[in-house]
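**Student:** Please find one structure pasted underneath; my questions will follow.
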Amino acid sequence: MEPLLEVRDLKINFYTYRGVVKALEGVRFSIGQGESVGLVGETGCGKSVTARAIMGFVEPPGKIESGEILLEKDDLLKYSERDMRKIRGRKISFIFQEPKKALDPTATVGNQLMEAATVARGMDRAAAQALALETLEQVGLGDAQRVMQSYSFELSGGMAQRVMIAMGMVGGSRLMIADEPTSALDVSIQAQILRLLGEIRSKQNSSLLLITHDLGVAAENCDRIIVMYAGRIVESGPVREIFREPAHPYTVKLLNALPAPGKTRLEAIPGMVPDLVDPPAGCRFSNRCDRASEACSKLPPLAQIGPDHAVACIHPMRVPAKAET
Amino acid sequence: MTEKARKQTESPAQDADPLIDVRGLGMSFPVRNSASLPWETPPVVRAVNNVSMAIRANEIFGLAGESGCGKSTVARLVMGLIDPTEGEIRFRSRPIQDYSASEIRPRVQMVFQDPYTSLNPRRTIGRIVGDPLIIHTGMNASQRRERVMQVLNRVGLADYHYDRYPHEFSGGQRQRIAIARALILDPEFLVLDEPTSALDVSVQAVILNMILELQAEMQLGCLFITHDLNLMRFLAHRTGVMYLGQMVEVGPTQDLFDDPLHPYTRALIDATPQPDPDRVNAQVPLEGEIPSNINRPTGCAFASRCPVRIDGTCERVEPELKPVGSRLVACHLHHPAEAST
Amino acid sequence: MTGRTRTLAVIATRLVNAVIVLLVLSLIIFAFMRAIPGDPVLNLLGEEETTQAQYDALRIQLGLDQPFYVQYWNWFSRVLQGDFGQSLQTNEPVLPVIWEKLKATIELAIFAVILGTIIGVTAGTISAVKRDSIFDSAAMLVSLMGISMPVFWMGILLIIVFSVGLDILPVSGMISFSTIITPVTGFPLLDAVLTGNWAGVKDLLSHLVLPAITLGLTPAALIARTTRASMLEVINEDYVKAGLARGLTFNQTLWRHVMRNAMIPVVTVIGLEIGVYLGGSIVTETVFSWPGLGRYMIDAIYANDYPVVQGAVLIYASIVVLVSLIVDLTYSALDPRVKI
């Protein structure tokens, strides 16, 4: 499958007064047409930075040091801000964690939706309005006329997230980057939004990069999973293999830390996430890993251990993890 | 401690002498805003409506529900931080209002959701944890210091943390400090309001393990509030599910999850994602939004979204929380007799 | 209640509050005037030789022999009927004179507000967008000076540079003796424009520019700082990122989504600054011999001319109260979340 988006060896540093934060290093992955990829990991693992880098949203003190972000083989990192405009909204759309904060509190929903069509795509007002109304209905906002005239404070979180999804569709994008799209929503609303994302994706054969800390959300909504730890990808593979036969010790420990019925104790991961100003040499998980050896002080490459399954570990676990459910 | 021992099935009807006994609890707030006119009666939010539950000593009672269901208001009511507009809360068979602050505070304590705002940034850990000792005990400085060290060690912190300030700690460590503060007076009852929702999974695991250990060791009664059903299933002995201020179902956790009786409980369990890519969730998610509970009409709070609503009954008659087997359920489906009235 | 009647009801409630504020204020001014040293009767009798009988007669004539509350009631009951009494100095009715002087003050204040707002908002916006640039540092330094410098000192500096040194602008006054404006509205500049008297417009503007800068600069400095802070905050909001994410340019996002949101706190500051403008206008008018209400009031204070001072302060207070109300209404226009 020809990848729609390919990220190669992305490296991002943040130049803070504490020192250089090595936020992202050697990140590489791809997303195929129609594919849903989950980017998972805990706070500070670099999943959000990765998403923002694809959108061209890395600002000082952050700096993209090296790498490529290929969208249909064109390197977005070589694009000017002017060229990026033609990518944002039209080819890649972005969904925020807090949908109500992603809408201008002083502008109507209609104003912002139509903007995506008129300003960004050069449609005339009438066509833009028709498109906006149609799209709102597609995302399940039946009373589209009224929603168009609403302000964000008049919408619930779920409605606002539907509006944000519509925004991406109005622009005609084929790749949706969703940064924790349901973390701020209630469970029953989360289920609605995730279902909607799935429906739109299968209808339009579009792709989804889903950034989440919730392994359950990733398991149920993604074809492929990328696990990040401390600015690096530790493991990537098809969703079933990641959850059934995780190979990286971190992935295993993360799964075992989840509360689940039948467990009397949760497996805790000793130690803390390293300070990225001065991360451990080699494998960044080595200082918390019970399988670590001398060899781990050398950087383990992301090595294939199966078709489409790669792990960055010198001592991977090939044993299936204990079933969770 | 075995799984079986922890989750023994008990009938709520046999509560002889619960630690906390809540009966018909109700809490209404008037909502005023800047555009209210002085002569208008403000609309009323019924944050908690006719909630009853009993929490025993040495049990973790979980209270689950989505935003606006009133679970945090229940926590504040049980703590005695606000006074209910209806109903009664009894602590060891005596109304909680009858206790003076100095009587109740050492016995009932709370851990808050956000470890970043619940600790005073200008006080050292030693003072944050040790202050209750000054107010409620006659200990001298060295006795207090010793006691604080003891509790800090118990929650996995070291002696040298005593003189540090909160900003020097991570989220998980702060929550340990908050737990130490709650336990310093050796309470009988602990309210935990989403204590791990601000934490990462791996840190959450550590804190949850610790809470389980401490609860068993100190024979604590706990009210554990969370929106995460996976968490509830893991640690609560009994669970109550709330929706729009009302208790819809209460029962032993295992029974409730294995066979949810209330349609809302079932929908919530179905909607909770599981780390299992093969889980087939054919259930259509609940439609619609959680309605506002400002000036809500009578009838079942869930009627507007219920997939198995009995038309003509559910939106008119408020279902009562009544026993069904080991559980209490507020649903007309399970009390057909009531529906005909 | 429907939206419109509700709005009116809220405005009515605010007006009632405003009236209460003015009532309390009028009592305070009335009392203060009588508490400050000086005797208007002696002022009126002047240098000539007078007898105790003459003094008493004048005192009774002016009603100053009555108890405080009777004096207050006499004055206040007439104010309610639109009669602010007569000046003790000139015997002219107070209100028409105040109105005449107020026109000059309003002209100065409006120009100063416009100047201050334009300079402040522009400088603040550029500073925020080009954060940490040379412009930003310079603008913030100048604004700090603007905030720290007393109004009178600023006025004198400007006079020394532009009038005395460069000799390009008049030193003081509102109009040259040779310029004649045909009255239409009573606002000279407006009248000059209306009658097409462009020489007059030029003369009036040349007199207006220094006092307007003097008066507008302190508020401009504060507005610039508020605008900058507010813009920087708004620029970091998710909805600005969301604007970029749907393909808008930065400038489009700035105009369409940042400006309006960033202006909400700025409007508050402008509203609060109205008091500063009016206070500053009293000093500015004195420095530039501007024939406005402020100078008139200062003269009246020296002369213990009770009715004039009472009237002028009451008018100043009414303006501040009215402008605050307008600012609150502007909020609801800017921010749909604020319902009035």
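Lettering and numbering for the structure tokens are positional, with chains as A, B, ... in the shown order, residues counted from 1 in each chain, and ligands counted from 1 in the shown order.
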Select all residues from chain A having any atom no more than 6 Å from an atom of chain C (counting only C-alpha atoms, ignoring ligands), output as a list of chain:residue names.
**Tutor:**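 Using only C-alpha atoms, chain A residues at most 6 Å from chain C: A:Arg85, A:Arg88, A:Gly89, A:Lys101, A:Ala102, A:Leu103, A:Asp104, A:Thr106, A:Ala116, A:Ala120.
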**Student:** Generate a file of the selected residues that holds C-alpha atoms, formatted as a PDB file, in the first residue's frame.
**Tutor:**
ATOM      1  CA  ARG A  85      -1.801  26.931   3.984  1.00  0.00           C
ATOM      2  CA  ARG A  88      -3.899  22.641   6.135  1.00  0.00           C
ATOM      3  CA  GLY A  89      -7.617  22.130   6.000  1.00  0.00           C
ATOM      4  CA  LYS A 101     -11.761  25.949  22.956  1.00  0.00           C
ATOM      5  CA  ALA A 102     -11.091  25.276  19.287  1.00  0.00           C
ATOM      6  CA  LEU A 103     -14.002  27.473  18.287  1.00  0.00           C
ATOM      7  CA  ASP A 104     -13.745  31.271  18.400  1.00  0.00           C
ATOM      8  CA  THR A 106     -17.094  35.482  19.491  1.00  0.00           C
ATOM      9  CA  ALA A 116     -12.971  26.906   5.684  1.00  0.00           C
ATOM     10  CA  ALA A 120      -9.275  28.538   2.269  1.00  0.00           C
TER      11      ALA A 120
END
**Student:** What are the residues of chain A lining chain B at 7 Å or less? Count only C-alpha atoms, and put the answer as a VMD selection string.
**Tutor:** chain A and resid 42 to 43 186 to 188 191 to 192 215 to 217 219 to 220 239 to 240 243 254 257 to 261 263 to 269
**Student:** Mind dumping the selected residues with C-alpha atoms as a PDB file, in the first residue's frame?
**Tutor:**
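Saved file result.pdb follows:
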ATOM      1  CA  GLU A  42       1.911   8.728  28.424  1.00  0.00           C
ATOM      2  CA  THR A  43       2.354  12.423  29.118  1.00  0.00           C
ATOM      3  CA  ASP A 186     -18.158  11.964  28.665  1.00  0.00           C
ATOM      4  CA  VAL A 187     -18.011   8.251  27.937  1.00  0.00           C
ATOM      5  CA  SER A 188     -21.369   8.082  26.176  1.00  0.00           C
ATOM      6  CA  ALA A 191     -18.621   6.544  21.961  1.00  0.00           C
ATOM      7  CA  GLN A 192     -20.731   8.677  19.599  1.00  0.00           C
ATOM      8  CA  LEU A 215      -5.327   2.294  25.259  1.00  0.00           C
ATOM      9  CA  GLY A 216      -8.946   1.172  25.146  1.00  0.00           C
ATOM     10  CA  VAL A 217      -9.826   3.920  22.666  1.00  0.00           C
ATOM     11  CA  ALA A 219      -7.598  -0.746  20.642  1.00  0.00           C
ATOM     12  CA  GLU A 220     -11.160  -0.275  19.489  1.00  0.00           C
ATOM     13  CA  VAL A 239      -3.476  -3.514  16.669  1.00  0.00           C
ATOM     14  CA  ARG A 240      -3.989  -7.213  17.434  1.00  0.00           C
ATOM     15  CA  PHE A 243      -2.416  -5.900  22.379  1.00  0.00           C
ATOM     16  CA  LEU A 254       1.684  -0.336  30.162  1.00  0.00           C
ATOM     17  CA  ALA A 257      -0.860  -1.336  34.520  1.00  0.00           C
ATOM     18  CA  LEU A 258      -4.416  -1.012  33.233  1.00  0.00           C
ATOM     19  CA  PRO A 259      -7.140  -1.767  35.741  1.00  0.00           C
ATOM     20  CA  ALA A 260      -9.142  -4.735  34.560  1.00  0.00           C
ATOM     21  CA  PRO A 261     -11.566  -7.177  36.114  1.00  0.00           C
ATOM     22  CA  LYS A 263      -6.782  -8.359  38.710  1.00  0.00           C
ATOM     23  CA  THR A 264      -6.127  -7.848  42.393  1.00  0.00           C
ATOM     24  CA  ARG A 265      -3.036  -5.757  41.841  1.00  0.00           C
ATOM     25  CA  LEU A 266      -1.888  -3.595  38.998  1.00  0.00           C
ATOM     26  CA  GLU A 267       1.643  -3.874  37.744  1.00  0.00           C
ATOM     27  CA  ALA A 268       3.423  -0.642  38.464  1.00  0.00           C
ATOM     28  CA  ILE A 269       6.313   0.652  36.390  1.00  0.00           C
TER      29      ILE A 269
END
**Student:** Chain C residues within 12 Å of chain B, counting only C-alpha atoms: which ones, as a list in words?
**Tutor:**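 Written out as asked, the residues are Met1, Gly3, Thr5, Arg6, Thr7, Leu8, Ala9, Val10, Ile11, Ala12, Thr13, Arg14, Asn17, Asp328, Leu329, Ser332, Arg337, Val338, Lys339 and Ile340 of chain C.
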**Student:** Would you mind writing down, as a ChimeraX atom specification, each residue of region 42-275 of chain B that DSSP on the backbone assigns to alpha helix (DSSP H)?
**Tutor:** /B:71-78,101-104,125-136,141-154,171-183,201-218,229-235,253-258,263-271
**Student:** Could those selected residues go to a file with C-alpha atoms, as an mmCIF file, in the first residue's frame?
**Tutor:**
data_model
loop_
_atom_site.group_PDB
_atom_site.id
_atom_site.type_symbol
_atom_site.label_atom_id
_atom_site.label_comp_id
_atom_site.auth_asym_id
_atom_site.auth_seq_id
_atom_site.Cartn_x
_atom_site.Cartn_y
_atom_site.Cartn_z
ATOM 1 C CA LYS B 71 -21.288 12.473 42.122
ATOM 2 C CA SER B 72 -18.954 15.247 43.245
ATOM 3 C CA THR B 73 -21.804 17.056 44.979
ATOM 4 C CA VAL B 74 -22.543 13.853 46.883
ATOM 5 C CA ALA B 75 -18.896 13.792 47.950
ATOM 6 C CA ARG B 76 -19.072 17.343 49.266
ATOM 7 C CA LEU B 77 -22.336 16.596 51.063
ATOM 8 C CA VAL B 78 -20.953 13.466 52.700
ATOM 9 C CA ALA B 101 -16.175 20.124 63.174
ATOM 10 C CA SER B 102 -13.548 18.974 65.654
ATOM 11 C CA GLU B 103 -15.445 15.718 66.187
ATOM 12 C CA ILE B 104 -16.038 14.851 62.547
ATOM 13 C CA ILE B 125 5.143 18.871 52.819
ATOM 14 C CA GLY B 126 5.782 18.444 56.528
ATOM 15 C CA ARG B 127 3.405 21.280 57.331
ATOM 16 C CA ILE B 128 0.765 20.276 54.772
ATOM 17 C CA VAL B 129 0.614 16.774 56.187
ATOM 18 C CA GLY B 130 1.226 17.724 59.811
ATOM 19 C CA ASP B 131 -1.127 20.668 60.254
ATOM 20 C CA PRO B 132 -4.167 18.532 61.137
ATOM 21 C CA LEU B 133 -2.165 17.226 64.107
ATOM 22 C CA ILE B 134 -1.807 20.729 65.520
ATOM 23 C CA ILE B 135 -5.542 21.323 65.300
ATOM 24 C CA HIS B 136 -6.835 17.956 66.423
ATOM 25 C CA ALA B 141 6.478 19.253 67.672
ATOM 26 C CA SER B 142 8.732 16.230 67.828
ATOM 27 C CA GLN B 143 5.829 13.816 68.204
ATOM 28 C CA ARG B 144 4.155 15.440 65.222
ATOM 29 C CA ARG B 145 7.286 15.215 63.157
ATOM 30 C CA GLU B 146 7.641 11.557 63.966
ATOM 31 C CA ARG B 147 4.023 10.853 63.064
ATOM 32 C CA VAL B 148 4.307 12.756 59.762
ATOM 33 C CA MET B 149 7.461 10.827 58.840
ATOM 34 C CA GLN B 150 5.697 7.586 59.635
ATOM 35 C CA VAL B 151 2.763 8.411 57.345
ATOM 36 C CA LEU B 152 5.014 9.778 54.598
ATOM 37 C CA ASN B 153 6.956 6.523 54.653
ATOM 38 C CA ARG B 154 3.735 4.572 54.526
ATOM 39 C CA GLY B 171 1.587 14.507 39.966
ATOM 40 C CA GLY B 172 1.759 11.012 41.398
ATOM 41 C CA GLN B 173 3.916 12.085 44.322
ATOM 42 C CA ARG B 174 1.579 14.967 45.062
ATOM 43 C CA GLN B 175 -1.314 12.571 45.221
ATOM 44 C CA ARG B 176 0.700 10.499 47.717
ATOM 45 C CA ILE B 177 1.107 13.650 49.799
ATOM 46 C CA ALA B 178 -2.628 14.331 49.589
ATOM 47 C CA ILE B 179 -3.310 10.779 50.747
ATOM 48 C CA ALA B 180 -0.823 11.155 53.598
ATOM 49 C CA ARG B 181 -2.608 14.321 54.701
ATOM 50 C CA ALA B 182 -5.949 12.525 54.612
ATOM 51 C CA LEU B 183 -4.622 9.612 56.664
ATOM 52 C CA VAL B 201 -1.733 4.995 33.548
ATOM 53 C CA SER B 202 1.531 3.779 35.030
ATOM 54 C CA VAL B 203 1.351 6.262 37.901
ATOM 55 C CA GLN B 204 -2.320 5.525 38.424
ATOM 56 C CA ALA B 205 -1.454 1.867 38.904
ATOM 57 C CA VAL B 206 0.896 2.683 41.772
ATOM 58 C CA ILE B 207 -1.592 4.956 43.494
ATOM 59 C CA LEU B 208 -4.475 2.502 43.136
ATOM 60 C CA ASN B 209 -2.398 -0.340 44.558
ATOM 61 C CA MET B 210 -1.526 1.859 47.486
ATOM 62 C CA ILE B 211 -5.128 2.872 48.114
ATOM 63 C CA LEU B 212 -6.184 -0.789 48.105
ATOM 64 C CA GLU B 213 -3.455 -1.736 50.572
ATOM 65 C CA LEU B 214 -4.148 1.153 52.911
ATOM 66 C CA GLN B 215 -7.875 0.536 52.834
ATOM 67 C CA ALA B 216 -7.462 -3.092 53.853
ATOM 68 C CA GLU B 217 -4.808 -2.320 56.419
ATOM 69 C CA MET B 218 -6.689 0.513 58.118
ATOM 70 C CA LEU B 229 -15.864 2.180 34.910
ATOM 71 C CA ASN B 230 -12.763 0.041 34.405
ATOM 72 C CA LEU B 231 -11.357 1.571 37.548
ATOM 73 C CA MET B 232 -14.572 1.008 39.425
ATOM 74 C CA ARG B 233 -14.744 -2.619 38.406
ATOM 75 C CA PHE B 234 -11.196 -3.133 39.578
ATOM 76 C CA LEU B 235 -11.437 -1.698 43.056
ATOM 77 C CA THR B 253 -19.667 -4.488 41.710
ATOM 78 C CA GLN B 254 -19.346 -7.932 40.192
ATOM 79 C CA ASP B 255 -23.102 -8.432 39.826
ATOM 80 C CA LEU B 256 -23.595 -4.961 38.469
ATOM 81 C CA PHE B 257 -20.980 -5.376 35.755
ATOM 82 C CA ASP B 258 -21.897 -8.972 34.874
ATOM 83 C CA PRO B 263 -30.381 0.546 30.747
ATOM 84 C CA TYR B 264 -28.061 3.421 31.616
ATOM 85 C CA THR B 265 -25.645 1.173 33.506
ATOM 86 C CA ARG B 266 -25.596 -1.155 30.505
ATOM 87 C CA ALA B 267 -25.020 1.709 28.059
ATOM 88 C CA LEU B 268 -22.198 3.090 30.175
ATOM 89 C CA ILE B 269 -20.467 -0.291 30.392
ATOM 90 C CA ASP B 270 -20.833 -0.774 26.641
ATOM 91 C CA ALA B 271 -19.472 2.689 25.901
#
**Student:** Skipping near chain neighbours, those fewer than 5 positions away, what residues fall within 6 Å of Phe91 (chain B) using only C-alpha atoms, listed as a list in words?
**Tutor:** Leu19, Ile20 and Ile96 of chain B
**Student:** Find the spatial neighbours of region 164-175 of chain A, counting only C-alpha atoms, within a cut-off of 6 Å - ignore same-chain residues fewer than 6 positions away - and output them as an mmCIF file with C-alpha atoms, in the first residue's frame.
**Tutor:**
data_model
loop_
_atom_site.group_PDB
_atom_site.id
_atom_site.type_symbol
_atom_site.label_atom_id
_atom_site.label_comp_id
_atom_site.auth_asym_id
_atom_site.auth_seq_id
_atom_site.Cartn_x
_atom_site.Cartn_y
_atom_site.Cartn_z
ATOM 1 C CA GLY A 89 -7.617 22.130 6.000
ATOM 2 C CA ARG A 90 -7.550 20.915 2.421
ATOM 3 C CA LYS A 91 -5.360 17.854 2.728
ATOM 4 C CA ILE A 92 -4.887 17.482 6.470
ATOM 5 C CA SER A 93 -7.358 18.541 9.116
ATOM 6 C CA LEU A 113 -17.302 26.622 8.842
ATOM 7 C CA ALA A 116 -12.971 26.906 5.684
ATOM 8 C CA THR A 135 -21.719 18.676 6.186
ATOM 9 C CA LEU A 136 -23.282 19.521 9.537
ATOM 10 C CA SER A 206 -9.858 8.869 4.479
ATOM 11 C CA SER A 207 -7.097 8.270 6.996
ATOM 12 C CA LEU A 208 -6.950 8.971 10.702
#
**Student:** Might you pull out every residue within 9 Å of Pro37 (chain C), with only C-alpha atoms counted and same-chain residues fewer than 3 positions away left off, and present them as a PyMOL selection string?
**Tutor:** chain C and resi 33-34+304
**Student:** Set the distance at 10 Å and use only C-alpha atoms: which residues neighbour Val266 (chain C) once local chain neighbours fewer than 6 positions away are removed? I'd like the list as number ranges by chain.
**Tutor:** C: 117, 120-121, 222-231, 272
**Student:** Suppose we keep N, CA and C atoms; can you now write the selection as a PDB file, in the first residue's frame?
**Tutor:**
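Listing of again18.pdb after writing:
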ATOM      1  N   THR C 117      -6.538  55.683  21.779  1.00  0.00           N
ATOM      2  CA  THR C 117      -6.950  54.334  21.411  1.00  0.00           C
ATOM      3  C   THR C 117      -6.205  53.862  20.168  1.00  0.00           C
ATOM      4  N   GLY C 120      -2.529  53.389  21.059  1.00  0.00           N
ATOM      5  CA  GLY C 120      -2.382  52.280  22.001  1.00  0.00           C
ATOM      6  C   GLY C 120      -2.628  50.937  21.345  1.00  0.00           C
ATOM      7  N   VAL C 121      -3.750  50.822  20.632  1.00  0.00           N
ATOM      8  CA  VAL C 121      -4.112  49.532  20.040  1.00  0.00           C
ATOM      9  C   VAL C 121      -3.106  49.157  18.955  1.00  0.00           C
ATOM     10  N   LEU C 222      -1.150  52.744  28.599  1.00  0.00           N
ATOM     11  CA  LEU C 222      -1.807  51.650  29.303  1.00  0.00           C
ATOM     12  C   LEU C 222      -2.558  50.751  28.324  1.00  0.00           C
ATOM     13  N   ILE C 223      -3.203  51.394  27.325  1.00  0.00           N
ATOM     14  CA  ILE C 223      -3.947  50.620  26.325  1.00  0.00           C
ATOM     15  C   ILE C 223      -2.979  49.746  25.531  1.00  0.00           C
ATOM     16  N   ALA C 224      -1.805  50.299  25.201  1.00  0.00           N
ATOM     17  CA  ALA C 224      -0.819  49.530  24.439  1.00  0.00           C
ATOM     18  C   ALA C 224      -0.395  48.288  25.213  1.00  0.00           C
ATOM     19  N   ARG C 225      -0.138  48.473  26.507  1.00  0.00           N
ATOM     20  CA  ARG C 225       0.299  47.326  27.314  1.00  0.00           C
ATOM     21  C   ARG C 225      -0.812  46.298  27.447  1.00  0.00           C
ATOM     22  N   THR C 226      -2.041  46.766  27.664  1.00  0.00           N
ATOM     23  CA  THR C 226      -3.152  45.829  27.783  1.00  0.00           C
ATOM     24  C   THR C 226      -3.372  45.083  26.466  1.00  0.00           C
ATOM     25  N   THR C 227      -3.331  45.840  25.354  1.00  0.00           N
ATOM     26  CA  THR C 227      -3.541  45.206  24.054  1.00  0.00           C
ATOM     27  C   THR C 227      -2.500  44.127  23.823  1.00  0.00           C
ATOM     28  N   ARG C 228      -1.252  44.455  24.113  1.00  0.00           N
ATOM     29  CA  ARG C 228      -0.176  43.492  23.884  1.00  0.00           C
ATOM     30  C   ARG C 228      -0.409  42.214  24.697  1.00  0.00           C
ATOM     31  N   ALA C 229      -0.672  42.398  25.989  1.00  0.00           N
ATOM     32  CA  ALA C 229      -0.861  41.233  26.849  1.00  0.00           C
ATOM     33  C   ALA C 229      -2.053  40.400  26.382  1.00  0.00           C
ATOM     34  N   SER C 230      -3.123  41.095  26.049  1.00  0.00           N
ATOM     35  CA  SER C 230      -4.336  40.406  25.650  1.00  0.00           C
ATOM     36  C   SER C 230      -4.141  39.663  24.322  1.00  0.00           C
ATOM     37  N   MET C 231      -3.459  40.315  23.374  1.00  0.00           N
ATOM     38  CA  MET C 231      -3.195  39.677  22.079  1.00  0.00           C
ATOM     39  C   MET C 231      -2.339  38.426  22.256  1.00  0.00           C
ATOM     40  N   LEU C 272     -12.298  52.284  31.930  1.00  0.00           N
ATOM     41  CA  LEU C 272     -11.735  52.733  33.206  1.00  0.00           C
ATOM     42  C   LEU C 272     -10.939  54.026  33.031  1.00  0.00           C
TER      43      LEU C 272
END
**Student:** List the spatial neighbours of Phe76 (chain C) as a PyMOL selection string - criterion: any atom at most 12 Å away, only C-alpha atoms, same-chain residues fewer than 2 positions off excluded.
**Tutor:** chain C and resi 22-27+29-30+68-74+78-85+307+310-311+314
**Student:** Those same residues - C-alpha atoms - I'd like them written as a PDB file, in the first residue's frame.
**Tutor:**
ATOM      1  CA  LEU C  22     -24.947  60.314  41.604  1.00  0.00           C
ATOM      2  CA  LEU C  23     -27.212  61.116  44.558  1.00  0.00           C
ATOM      3  CA  VAL C  24     -24.646  59.964  47.099  1.00  0.00           C
ATOM      4  CA  LEU C  25     -21.945  61.755  45.167  1.00  0.00           C
ATOM      5  CA  SER C  26     -23.850  65.054  45.094  1.00  0.00           C
ATOM      6  CA  LEU C  27     -24.148  64.904  48.872  1.00  0.00           C
ATOM      7  CA  ILE C  29     -19.471  67.169  46.965  1.00  0.00           C
ATOM      8  CA  PHE C  30     -21.898  69.457  48.733  1.00  0.00           C
ATOM      9  CA  PHE C  68     -26.626  72.248  55.879  1.00  0.00           C
ATOM     10  CA  TYR C  69     -29.525  69.938  55.040  1.00  0.00           C
ATOM     11  CA  VAL C  70     -31.796  72.856  54.082  1.00  0.00           C
ATOM     12  CA  GLN C  71     -29.099  74.231  51.792  1.00  0.00           C
ATOM     13  CA  TYR C  72     -28.634  70.814  50.260  1.00  0.00           C
ATOM     14  CA  TRP C  73     -32.329  70.321  49.721  1.00  0.00           C
ATOM     15  CA  ASN C  74     -32.735  73.790  48.190  1.00  0.00           C
ATOM     16  CA  ARG C  78     -33.649  72.719  41.863  1.00  0.00           C
ATOM     17  CA  VAL C  79     -31.038  70.478  40.224  1.00  0.00           C
ATOM     18  CA  LEU C  80     -33.773  67.908  39.714  1.00  0.00           C
ATOM     19  CA  GLN C  81     -35.649  70.569  37.760  1.00  0.00           C
ATOM     20  CA  GLY C  82     -32.581  71.302  35.655  1.00  0.00           C
ATOM     21  CA  ASP C  83     -31.629  74.467  37.538  1.00  0.00           C
ATOM     22  CA  PHE C  84     -28.075  74.317  38.823  1.00  0.00           C
ATOM     23  CA  GLY C  85     -28.320  77.768  40.380  1.00  0.00           C
ATOM     24  CA  PRO C 307     -22.870  76.216  42.705  1.00  0.00           C
ATOM     25  CA  GLN C 310     -21.080  71.384  42.527  1.00  0.00           C
ATOM     26  CA  GLY C 311     -22.565  71.549  39.061  1.00  0.00           C
ATOM     27  CA  LEU C 314     -21.913  66.433  39.083  1.00  0.00           C
TER      28      LEU C 314
END
**Student:** Counting only C-alpha atoms, figure out which residue out of C:Leu215, C:Tyr331, C:Ala18, C:Gly275 gets nearest to Trp153 (chain C).
**Tutor:**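 Counting only C-alpha atoms, the residue closest to Trp153 (chain C) is C:Leu215.
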